[in-house]
>>> print(open('upload.csv').read())   # CSV, N, CA and C atoms
chain,number,residue,atom,x,y,z
R,1,MET,N,76.8,105.8,84.1
R,1,MET,CA,75.9,105.1,85.0
R,1,MET,C,76.6,104.1,85.9
R,2,LEU,N,76.3,104.2,87.2
R,2,LEU,CA,77.0,103.3,88.1
R,2,LEU,C,76.3,102.0,88.2
R,3,ARG,N,77.1,101.0,88.3
R,3,ARG,CA,76.5,99.6,88.4
R,3,ARG,C,77.1,99.0,89.6
R,4,ILE,N,76.3,98.4,90.4
R,4,ILE,CA,76.7,97.6,91.5
R,4,ILE,C,76.2,96.2,91.4
R,5,VAL,N,77.1,95.3,91.3
R,5,VAL,CA,76.6,93.9,91.2
R,5,VAL,C,76.4,93.3,92.6
R,6,VAL,N,75.2,92.9,92.9
R,6,VAL,CA,74.9,92.3,94.2
R,6,VAL,C,75.2,90.9,94.2
R,7,LYS,N,76.2,90.5,95.0
R,7,LYS,CA,76.6,89.1,95.0
R,7,LYS,C,75.6,88.2,95.7
R,8,GLU,N,75.6,87.0,95.4
R,8,GLU,CA,74.7,86.0,96.0
R,8,GLU,C,74.9,85.9,97.5
R,9,GLY,N,73.8,86.1,98.2
R,9,GLY,CA,73.9,86.1,99.7
R,9,GLY,C,74.4,87.4,100.3
R,10,GLU,N,74.6,88.4,99.5
R,10,GLU,CA,75.1,89.7,100.1
R,10,GLU,C,73.9,90.5,100.6
R,11,ASN,N,74.1,91.1,101.7
R,11,ASN,CA,73.1,91.9,102.4
R,11,ASN,C,72.9,93.2,101.5
R,12,ILE,N,71.6,93.5,101.4
R,12,ILE,CA,71.3,94.7,100.5
R,12,ILE,C,71.8,96.0,101.1
R,13,ASP,N,71.9,96.1,102.4
R,13,ASP,CA,72.4,97.3,103.0
R,13,ASP,C,73.9,97.4,102.7
R,14,ARG,N,74.6,96.3,102.6
R,14,ARG,CA,76.0,96.4,102.2
R,14,ARG,C,76.2,96.9,100.8
R,15,ALA,N,75.4,96.4,99.9
R,15,ALA,CA,75.4,96.8,98.5
R,15,ALA,C,75.0,98.2,98.4
R,16,LEU,N,74.1,98.7,99.1
R,16,LEU,CA,73.7,100.1,99.1
R,16,LEU,C,74.8,101.0,99.6
R,17,LYS,N,75.6,100.5,100.6
R,17,LYS,CA,76.7,101.2,101.1
R,17,LYS,C,77.8,101.3,100.0
R,18,ARG,N,78.0,100.3,99.3
R,18,ARG,CA,79.0,100.3,98.2
R,18,ARG,C,78.6,101.3,97.1
R,19,TYR,N,77.3,101.3,96.8
R,19,TYR,CA,76.8,102.2,95.8
R,19,TYR,C,77.0,103.7,96.3
R,20,LYS,N,76.7,104.0,97.5
R,20,LYS,CA,76.8,105.3,98.0
R,20,LYS,C,78.3,105.8,98.0
R,21,ARG,N,79.2,104.8,98.3
R,21,ARG,CA,80.6,105.1,98.3
R,21,ARG,C,81.1,105.4,96.9
R,22,LYS,N,80.7,104.6,96.0
R,22,LYS,CA,81.1,104.8,94.6
R,22,LYS,C,80.5,106.1,94.0
R,23,PHE,N,79.3,106.4,94.4
R,23,PHE,CA,78.6,107.6,93.9
R,23,PHE,C,79.4,108.8,94.5
R,24,ARG,N,79.8,108.8,95.7
R,24,ARG,CA,80.6,109.9,96.3
R,24,ARG,C,82.0,110.0,95.6
R,25,ASP,N,82.6,108.9,95.3
R,25,ASP,CA,83.9,108.9,94.7
R,25,ASP,C,83.9,109.5,93.3
R,26,VAL,N,82.8,109.3,92.6
R,26,VAL,CA,82.7,109.7,91.2
R,26,VAL,C,82.4,111.2,91.2
R,27,LYS,N,82.0,111.8,92.3
R,27,LYS,CA,81.8,113.3,92.4
R,27,LYS,C,80.7,113.8,91.5
R,28,VAL,N,79.6,113.0,91.3
R,28,VAL,CA,78.5,113.4,90.4
R,28,VAL,C,77.8,114.6,91.0
R,29,LEU,N,77.6,114.6,92.3
R,29,LEU,CA,76.8,115.6,93.0
R,29,LEU,C,77.6,116.9,92.9
R,30,ARG,N,78.9,116.9,93.2
R,30,ARG,CA,79.7,118.1,93.1
R,30,ARG,C,79.7,118.7,91.7
R,31,GLU,N,79.8,117.9,90.7
R,31,GLU,CA,79.7,118.4,89.3
R,31,GLU,C,78.4,119.0,89.0
R,32,LEU,N,77.3,118.4,89.5
R,32,LEU,CA,76.0,119.0,89.3
R,32,LEU,C,75.8,120.3,90.0
R,33,ARG,N,76.3,120.5,91.2
R,33,ARG,CA,76.2,121.7,91.9
R,33,ARG,C,77.1,122.8,91.2
R,34,ASP,N,78.3,122.4,90.7
R,34,ASP,CA,79.1,123.3,90.0
R,34,ASP,C,78.5,123.8,88.7
R,35,ARG,N,77.8,123.0,88.0
R,35,ARG,CA,77.1,123.4,86.7
R,35,ARG,C,75.9,124.2,86.9
R,36,LYS,N,75.4,124.3,88.1
R,36,LYS,CA,74.2,125.1,88.3
R,36,LYS,C,74.4,126.6,88.0
R,37,GLN,N,75.6,127.0,88.3
R,37,GLN,CA,75.8,128.5,88.1
R,37,GLN,C,77.2,128.6,87.4
R,38,TYR,N,77.2,129.5,86.4
R,38,TYR,CA,78.5,129.7,85.6
R,38,TYR,C,79.4,130.5,86.5
R,39,VAL,N,80.7,130.1,86.5
R,39,VAL,CA,81.7,130.9,87.2
R,39,VAL,C,82.8,131.1,86.2
R,40,LYS,N,83.2,132.4,86.1
R,40,LYS,CA,84.3,132.8,85.2
R,40,LYS,C,85.6,132.1,85.5
R,41,PRO,N,86.4,131.7,84.5
R,41,PRO,CA,87.6,131.1,84.7
R,41,PRO,C,88.6,131.9,85.6
R,42,SER,N,88.5,133.2,85.5
R,42,SER,CA,89.4,134.0,86.3
R,42,SER,C,89.0,133.9,87.8
R,43,VAL,N,87.8,133.8,88.1
R,43,VAL,CA,87.3,133.6,89.5
R,43,VAL,C,87.7,132.3,90.0
R,44,ILE,N,87.7,131.3,89.2
R,44,ILE,CA,88.1,129.9,89.6
R,44,ILE,C,89.6,130.0,89.9
R,45,LYS,N,90.4,130.6,89.0
R,45,LYS,CA,91.8,130.7,89.2
R,45,LYS,C,92.2,131.4,90.5
R,46,ARG,N,91.5,132.5,90.7
R,46,ARG,CA,91.7,133.3,91.9
R,46,ARG,C,91.4,132.5,93.2
R,47,ALA,N,90.4,131.8,93.2
R,47,ALA,CA,90.0,130.9,94.3
R,47,ALA,C,91.1,129.9,94.6
R,48,GLN,N,91.6,129.3,93.5
R,48,GLN,CA,92.7,128.3,93.6
R,48,GLN,C,93.9,128.9,94.2
R,49,VAL,N,94.3,130.1,93.8
R,49,VAL,CA,95.5,130.8,94.3
R,49,VAL,C,95.3,131.1,95.8
R,50,GLN,N,94.1,131.6,96.2
R,50,GLN,CA,93.8,131.9,97.6
R,50,GLN,C,93.9,130.6,98.4
R,51,LYS,N,93.4,129.5,97.9
R,51,LYS,CA,93.4,128.3,98.7
R,51,LYS,C,94.8,127.8,98.9
R,52,ALA,N,95.6,127.9,97.8
R,52,ALA,CA,97.0,127.5,97.9
R,52,ALA,C,97.8,128.4,98.9
R,53,ALA,N,97.5,129.7,98.9
R,53,ALA,CA,98.1,130.6,99.9
R,53,ALA,C,97.7,130.3,101.3
R,54,TYR,N,96.5,129.9,101.5
R,54,TYR,CA,96.0,129.6,102.8
R,54,TYR,C,96.6,128.3,103.3
R,55,LYS,N,96.8,127.3,102.4
R,55,LYS,CA,97.4,126.0,102.8
R,55,LYS,C,98.9,126.3,103.2
R,56,GLU,N,99.5,127.1,102.4
R,56,GLU,CA,100.9,127.4,102.7
R,56,GLU,C,101.1,128.1,104.0
R,57,GLN,N,100.2,129.0,104.3
R,57,GLN,CA,100.2,129.7,105.6
R,57,GLN,C,100.0,128.7,106.8
R,58,LEU,N,99.2,127.8,106.6
R,58,LEU,CA,98.9,126.8,107.6
R,58,LEU,C,100.2,125.9,107.9
R,59,LEU,N,100.9,125.6,106.8
R,59,LEU,CA,102.1,124.8,106.9
R,59,LEU,C,103.2,125.6,107.5
R,60,LYS,N,103.3,126.9,107.3
R,60,LYS,CA,104.3,127.7,107.9
R,60,LYS,C,104.1,127.9,109.4
R,61,GLU,N,102.9,127.9,109.8
R,61,GLU,CA,102.5,128.1,111.2
R,61,GLU,C,102.9,126.8,112.0
R,62,GLU,N,102.9,125.7,111.4
R,62,GLU,CA,103.3,124.4,112.1
R,62,GLU,C,104.8,124.4,112.2
>>> encode(input="upload.csv", output="structure tokens")
Amino acid sequence: MLRIVVKEGENIDRALKRYKRKFRDVKVLRELRDRKQYVKPSVIKRAQVQKAAYKEQLLKEE
């Protein structure tokens, strides 16, 4: 559970912005989306290998 302590005299919009940033950094939403559907470990590994190959190709082109 995320906790944001609102300091005395702090604008509520600023506190909300801190909350949103912390929520994004914790990656709760991404984990929720990943758990919606089961993906086999072999498919995950294949995607990681493809991503690494793509990044390597981009670096070679530069």
>>> select_by_dssp(input="upload.csv", residues="chain R", states="alpha helix (DSSP H)", output="ChimeraX atom specification")
/R:12-26,28-35,41-61
>>> write_last_selection(input="upload.csv", atoms="N, CA and C atoms", output="tab-separated table (two decimals), in the coordinates of the input")
chain	number	residue	atom	x	y	z
R	12	ILE	N	71.60	93.50	101.40
R	12	ILE	CA	71.30	94.70	100.50
R	12	ILE	C	71.80	96.00	101.10
R	13	ASP	N	71.90	96.10	102.40
R	13	ASP	CA	72.40	97.30	103.00
R	13	ASP	C	73.90	97.40	102.70
R	14	ARG	N	74.60	96.30	102.60
R	14	ARG	CA	76.00	96.40	102.20
R	14	ARG	C	76.20	96.90	100.80
R	15	ALA	N	75.40	96.40	99.90
R	15	ALA	CA	75.40	96.80	98.50
R	15	ALA	C	75.00	98.20	98.40
R	16	LEU	N	74.10	98.70	99.10
R	16	LEU	CA	73.70	100.10	99.10
R	16	LEU	C	74.80	101.00	99.60
R	17	LYS	N	75.60	100.50	100.60
R	17	LYS	CA	76.70	101.20	101.10
R	17	LYS	C	77.80	101.30	100.00
R	18	ARG	N	78.00	100.30	99.30
R	18	ARG	CA	79.00	100.30	98.20
R	18	ARG	C	78.60	101.30	97.10
R	19	TYR	N	77.30	101.30	96.80
R	19	TYR	CA	76.80	102.20	95.80
R	19	TYR	C	77.00	103.70	96.30
R	20	LYS	N	76.70	104.00	97.50
R	20	LYS	CA	76.80	105.30	98.00
R	20	LYS	C	78.30	105.80	98.00
R	21	ARG	N	79.20	104.80	98.30
R	21	ARG	CA	80.60	105.10	98.30
R	21	ARG	C	81.10	105.40	96.90
R	22	LYS	N	80.70	104.60	96.00
R	22	LYS	CA	81.10	104.80	94.60
R	22	LYS	C	80.50	106.10	94.00
R	23	PHE	N	79.30	106.40	94.40
R	23	PHE	CA	78.60	107.60	93.90
R	23	PHE	C	79.40	108.80	94.50
R	24	ARG	N	79.80	108.80	95.70
R	24	ARG	CA	80.60	109.90	96.30
R	24	ARG	C	82.00	110.00	95.60
R	25	ASP	N	82.60	108.90	95.30
R	25	ASP	CA	83.90	108.90	94.70
R	25	ASP	C	83.90	109.50	93.30
R	26	VAL	N	82.80	109.30	92.60
R	26	VAL	CA	82.70	109.70	91.20
R	26	VAL	C	82.40	111.20	91.20
R	28	VAL	N	79.60	113.00	91.30
R	28	VAL	CA	78.50	113.40	90.40
R	28	VAL	C	77.80	114.60	91.00
R	29	LEU	N	77.60	114.60	92.30
R	29	LEU	CA	76.80	115.60	93.00
R	29	LEU	C	77.60	116.90	92.90
R	30	ARG	N	78.90	116.90	93.20
R	30	ARG	CA	79.70	118.10	93.10
R	30	ARG	C	79.70	118.70	91.70
R	31	GLU	N	79.80	117.90	90.70
R	31	GLU	CA	79.70	118.40	89.30
R	31	GLU	C	78.40	119.00	89.00
R	32	LEU	N	77.30	118.40	89.50
R	32	LEU	CA	76.00	119.00	89.30
R	32	LEU	C	75.80	120.30	90.00
R	33	ARG	N	76.30	120.50	91.20
R	33	ARG	CA	76.20	121.70	91.90
R	33	ARG	C	77.10	122.80	91.20
R	34	ASP	N	78.30	122.40	90.70
R	34	ASP	CA	79.10	123.30	90.00
R	34	ASP	C	78.50	123.80	88.70
R	35	ARG	N	77.80	123.00	88.00
R	35	ARG	CA	77.10	123.40	86.70
R	35	ARG	C	75.90	124.20	86.90
R	41	PRO	N	86.40	131.70	84.50
R	41	PRO	CA	87.60	131.10	84.70
R	41	PRO	C	88.60	131.90	85.60
R	42	SER	N	88.50	133.20	85.50
R	42	SER	CA	89.40	134.00	86.30
R	42	SER	C	89.00	133.90	87.80
R	43	VAL	N	87.80	133.80	88.10
R	43	VAL	CA	87.30	133.60	89.50
R	43	VAL	C	87.70	132.30	90.00
R	44	ILE	N	87.70	131.30	89.20
R	44	ILE	CA	88.10	129.90	89.60
R	44	ILE	C	89.60	130.00	89.90
R	45	LYS	N	90.40	130.60	89.00
R	45	LYS	CA	91.80	130.70	89.20
R	45	LYS	C	92.20	131.40	90.50
R	46	ARG	N	91.50	132.50	90.70
R	46	ARG	CA	91.70	133.30	91.90
R	46	ARG	C	91.40	132.50	93.20
R	47	ALA	N	90.40	131.80	93.20
R	47	ALA	CA	90.00	130.90	94.30
R	47	ALA	C	91.10	129.90	94.60
R	48	GLN	N	91.60	129.30	93.50
R	48	GLN	CA	92.70	128.30	93.60
R	48	GLN	C	93.90	128.90	94.20
R	49	VAL	N	94.30	130.10	93.80
R	49	VAL	CA	95.50	130.80	94.30
R	49	VAL	C	95.30	131.10	95.80
R	50	GLN	N	94.10	131.60	96.20
R	50	GLN	CA	93.80	131.90	97.60
R	50	GLN	C	93.90	130.60	98.40
R	51	LYS	N	93.40	129.50	97.90
R	51	LYS	CA	93.40	128.30	98.70
R	51	LYS	C	94.80	127.80	98.90
R	52	ALA	N	95.60	127.90	97.80
R	52	ALA	CA	97.00	127.50	97.90
R	52	ALA	C	97.80	128.40	98.90
R	53	ALA	N	97.50	129.70	98.90
R	53	ALA	CA	98.10	130.60	99.90
R	53	ALA	C	97.70	130.30	101.30
R	54	TYR	N	96.50	129.90	101.50
R	54	TYR	CA	96.00	129.60	102.80
R	54	TYR	C	96.60	128.30	103.30
R	55	LYS	N	96.80	127.30	102.40
R	55	LYS	CA	97.40	126.00	102.80
R	55	LYS	C	98.90	126.30	103.20
R	56	GLU	N	99.50	127.10	102.40
R	56	GLU	CA	100.90	127.40	102.70
R	56	GLU	C	101.10	128.10	104.00
R	57	GLN	N	100.20	129.00	104.30
R	57	GLN	CA	100.20	129.70	105.60
R	57	GLN	C	100.00	128.70	106.80
R	58	LEU	N	99.20	127.80	106.60
R	58	LEU	CA	98.90	126.80	107.60
R	58	LEU	C	100.20	125.90	107.90
R	59	LEU	N	100.90	125.60	106.80
R	59	LEU	CA	102.10	124.80	106.90
R	59	LEU	C	103.20	125.60	107.50
R	60	LYS	N	103.30	126.90	107.30
R	60	LYS	CA	104.30	127.70	107.90
R	60	LYS	C	104.10	127.90	109.40
R	61	GLU	N	102.90	127.90	109.80
R	61	GLU	CA	102.50	128.10	111.20
R	61	GLU	C	102.90	126.80	112.00
>>> atom_distance(input="upload.csv", atom1="atom CA of Met1 of chain R", atom2="atom CA of Val39 of chain R")
26.5 Å
>>> closest_residue(input="upload.csv", among="R:Ile44, R:Leu59, R:Ala53, R:Leu2", to="Lys22 of chain R", atoms="only N, CA and C atoms")
R:Leu2
>>> closest_residue(input="upload.csv", among="R:Val5, R:Lys36, R:Glu61, R:Glu56", to="Tyr19 of chain R", atoms="only C-alpha atoms")
R:Val5
>>> atom_distance(input="upload.csv", atom1="atom CA of Arg3 of chain R", atom2="atom CA of Arg33 of chain R")
22.4 Å
>>> atom_distance(input="upload.csv", atom1="atom CA of Ile4 of chain R", atom2="atom CA of Asp34 of chain R")
25.9 Å
>>> decode(input="upload.csv", residues="segment 34-47 of chain R", atoms="all heavy atoms", output="short mmCIF file (atom, residue, chain, number, x, y, z; two decimals), in the first residue's frame")
data_model
loop_
_atom_site.label_atom_id
_atom_site.label_comp_id
_atom_site.auth_asym_id
_atom_site.auth_seq_id
_atom_site.Cartn_x
_atom_site.Cartn_y
_atom_site.Cartn_z
N ASP R 34 0.06 -7.90 -16.57
CA ASP R 34 0.78 -9.13 -16.85
C ASP R 34 0.07 -10.34 -16.26
O ASP R 34 0.11 -11.43 -16.84
CB ASP R 34 2.21 -9.06 -16.31
CG ASP R 34 3.09 -8.13 -17.13
OD1 ASP R 34 2.68 -7.77 -18.26
OD2 ASP R 34 4.16 -7.75 -16.64
N ARG R 35 -0.57 -10.18 -15.13
CA ARG R 35 -1.23 -11.31 -14.47
C ARG R 35 -2.60 -11.62 -15.07
O ARG R 35 -3.19 -12.65 -14.73
CB ARG R 35 -1.40 -11.01 -12.98
CG ARG R 35 -0.11 -11.07 -12.23
CD ARG R 35 -0.34 -10.81 -10.77
NE ARG R 35 0.90 -10.86 -10.04
CZ ARG R 35 0.98 -11.22 -8.78
NH1 ARG R 35 -0.11 -11.54 -8.11
NH2 ARG R 35 2.14 -11.24 -8.17
N LYS R 36 -3.11 -10.75 -15.92
CA LYS R 36 -4.42 -10.99 -16.52
C LYS R 36 -4.43 -12.26 -17.36
O LYS R 36 -5.42 -12.96 -17.43
CB LYS R 36 -4.81 -9.81 -17.42
CG LYS R 36 -5.79 -8.88 -16.81
CD LYS R 36 -6.20 -7.86 -17.83
CE LYS R 36 -7.36 -7.06 -17.32
NZ LYS R 36 -7.76 -6.02 -18.25
N GLN R 37 -3.30 -12.53 -18.00
CA GLN R 37 -3.23 -13.66 -18.90
C GLN R 37 -1.93 -14.41 -18.67
O GLN R 37 -0.86 -13.79 -18.56
CB GLN R 37 -3.29 -13.16 -20.35
CG GLN R 37 -3.32 -14.24 -21.38
CD GLN R 37 -3.48 -13.65 -22.77
OE1 GLN R 37 -3.58 -12.45 -22.94
NE2 GLN R 37 -3.51 -14.51 -23.76
N TYR R 38 -1.99 -15.73 -18.62
CA TYR R 38 -0.79 -16.53 -18.38
C TYR R 38 0.05 -16.59 -19.65
O TYR R 38 -0.47 -16.81 -20.74
CB TYR R 38 -1.17 -17.95 -17.96
CG TYR R 38 0.03 -18.83 -17.76
CD1 TYR R 38 0.82 -18.69 -16.63
CD2 TYR R 38 0.39 -19.77 -18.70
CE1 TYR R 38 1.93 -19.48 -16.43
CE2 TYR R 38 1.50 -20.57 -18.52
CZ TYR R 38 2.27 -20.42 -17.39
OH TYR R 38 3.38 -21.19 -17.20
N VAL R 39 1.34 -16.40 -19.50
CA VAL R 39 2.28 -16.51 -20.61
C VAL R 39 3.33 -17.54 -20.21
O VAL R 39 3.92 -17.45 -19.13
CB VAL R 39 2.96 -15.16 -20.90
CG1 VAL R 39 3.91 -15.28 -22.07
CG2 VAL R 39 1.92 -14.09 -21.16
N LYS R 40 3.55 -18.49 -21.09
CA LYS R 40 4.50 -19.54 -20.80
C LYS R 40 5.91 -18.98 -20.65
O LYS R 40 6.26 -18.01 -21.33
CB LYS R 40 4.51 -20.57 -21.93
CG LYS R 40 3.24 -21.37 -22.01
CD LYS R 40 3.18 -22.43 -23.09
CE LYS R 40 4.34 -22.63 -23.96
NZ LYS R 40 4.14 -23.66 -25.00
N PRO R 41 6.71 -19.56 -19.77
CA PRO R 41 8.08 -19.07 -19.58
C PRO R 41 8.90 -19.08 -20.87
O PRO R 41 9.73 -18.20 -21.09
CB PRO R 41 8.66 -20.03 -18.56
CG PRO R 41 7.49 -20.56 -17.82
CD PRO R 41 6.37 -20.60 -18.81
N SER R 42 8.66 -20.07 -21.74
CA SER R 42 9.42 -20.12 -22.99
C SER R 42 9.08 -18.94 -23.90
O SER R 42 9.94 -18.42 -24.60
CB SER R 42 9.14 -21.43 -23.73
OG SER R 42 7.76 -21.53 -24.05
N VAL R 43 7.85 -18.50 -23.86
CA VAL R 43 7.43 -17.35 -24.67
C VAL R 43 8.05 -16.07 -24.11
O VAL R 43 8.51 -15.21 -24.87
CB VAL R 43 5.88 -17.24 -24.70
CG1 VAL R 43 5.45 -15.98 -25.41
CG2 VAL R 43 5.29 -18.46 -25.36
N ILE R 44 8.12 -15.96 -22.80
CA ILE R 44 8.74 -14.80 -22.18
C ILE R 44 10.23 -14.74 -22.55
O ILE R 44 10.74 -13.68 -22.92
CB ILE R 44 8.57 -14.84 -20.64
CG1 ILE R 44 7.10 -14.67 -20.27
CG2 ILE R 44 9.40 -13.77 -19.97
CD1 ILE R 44 6.80 -14.89 -18.81
N LYS R 45 10.90 -15.90 -22.46
CA LYS R 45 12.32 -15.94 -22.78
C LYS R 45 12.56 -15.60 -24.25
O LYS R 45 13.50 -14.88 -24.59
CB LYS R 45 12.87 -17.33 -22.47
CG LYS R 45 14.36 -17.44 -22.62
CD LYS R 45 14.88 -18.78 -22.16
CE LYS R 45 16.39 -18.83 -22.29
NZ LYS R 45 16.92 -20.10 -21.85
N ARG R 46 11.72 -16.10 -25.14
CA ARG R 46 11.85 -15.81 -26.56
C ARG R 46 11.70 -14.32 -26.83
O ARG R 46 12.45 -13.73 -27.61
CB ARG R 46 10.81 -16.59 -27.37
CG ARG R 46 11.03 -16.47 -28.87
CD ARG R 46 10.02 -17.27 -29.69
NE ARG R 46 9.60 -18.50 -29.07
CZ ARG R 46 8.32 -18.89 -28.94
NH1 ARG R 46 7.35 -18.13 -29.36
NH2 ARG R 46 8.03 -20.04 -28.38
N ALA R 47 10.75 -13.69 -26.15
CA ALA R 47 10.54 -12.25 -26.31
C ALA R 47 11.75 -11.46 -25.82
O ALA R 47 12.15 -10.47 -26.44
CB ALA R 47 9.28 -11.82 -25.57
#
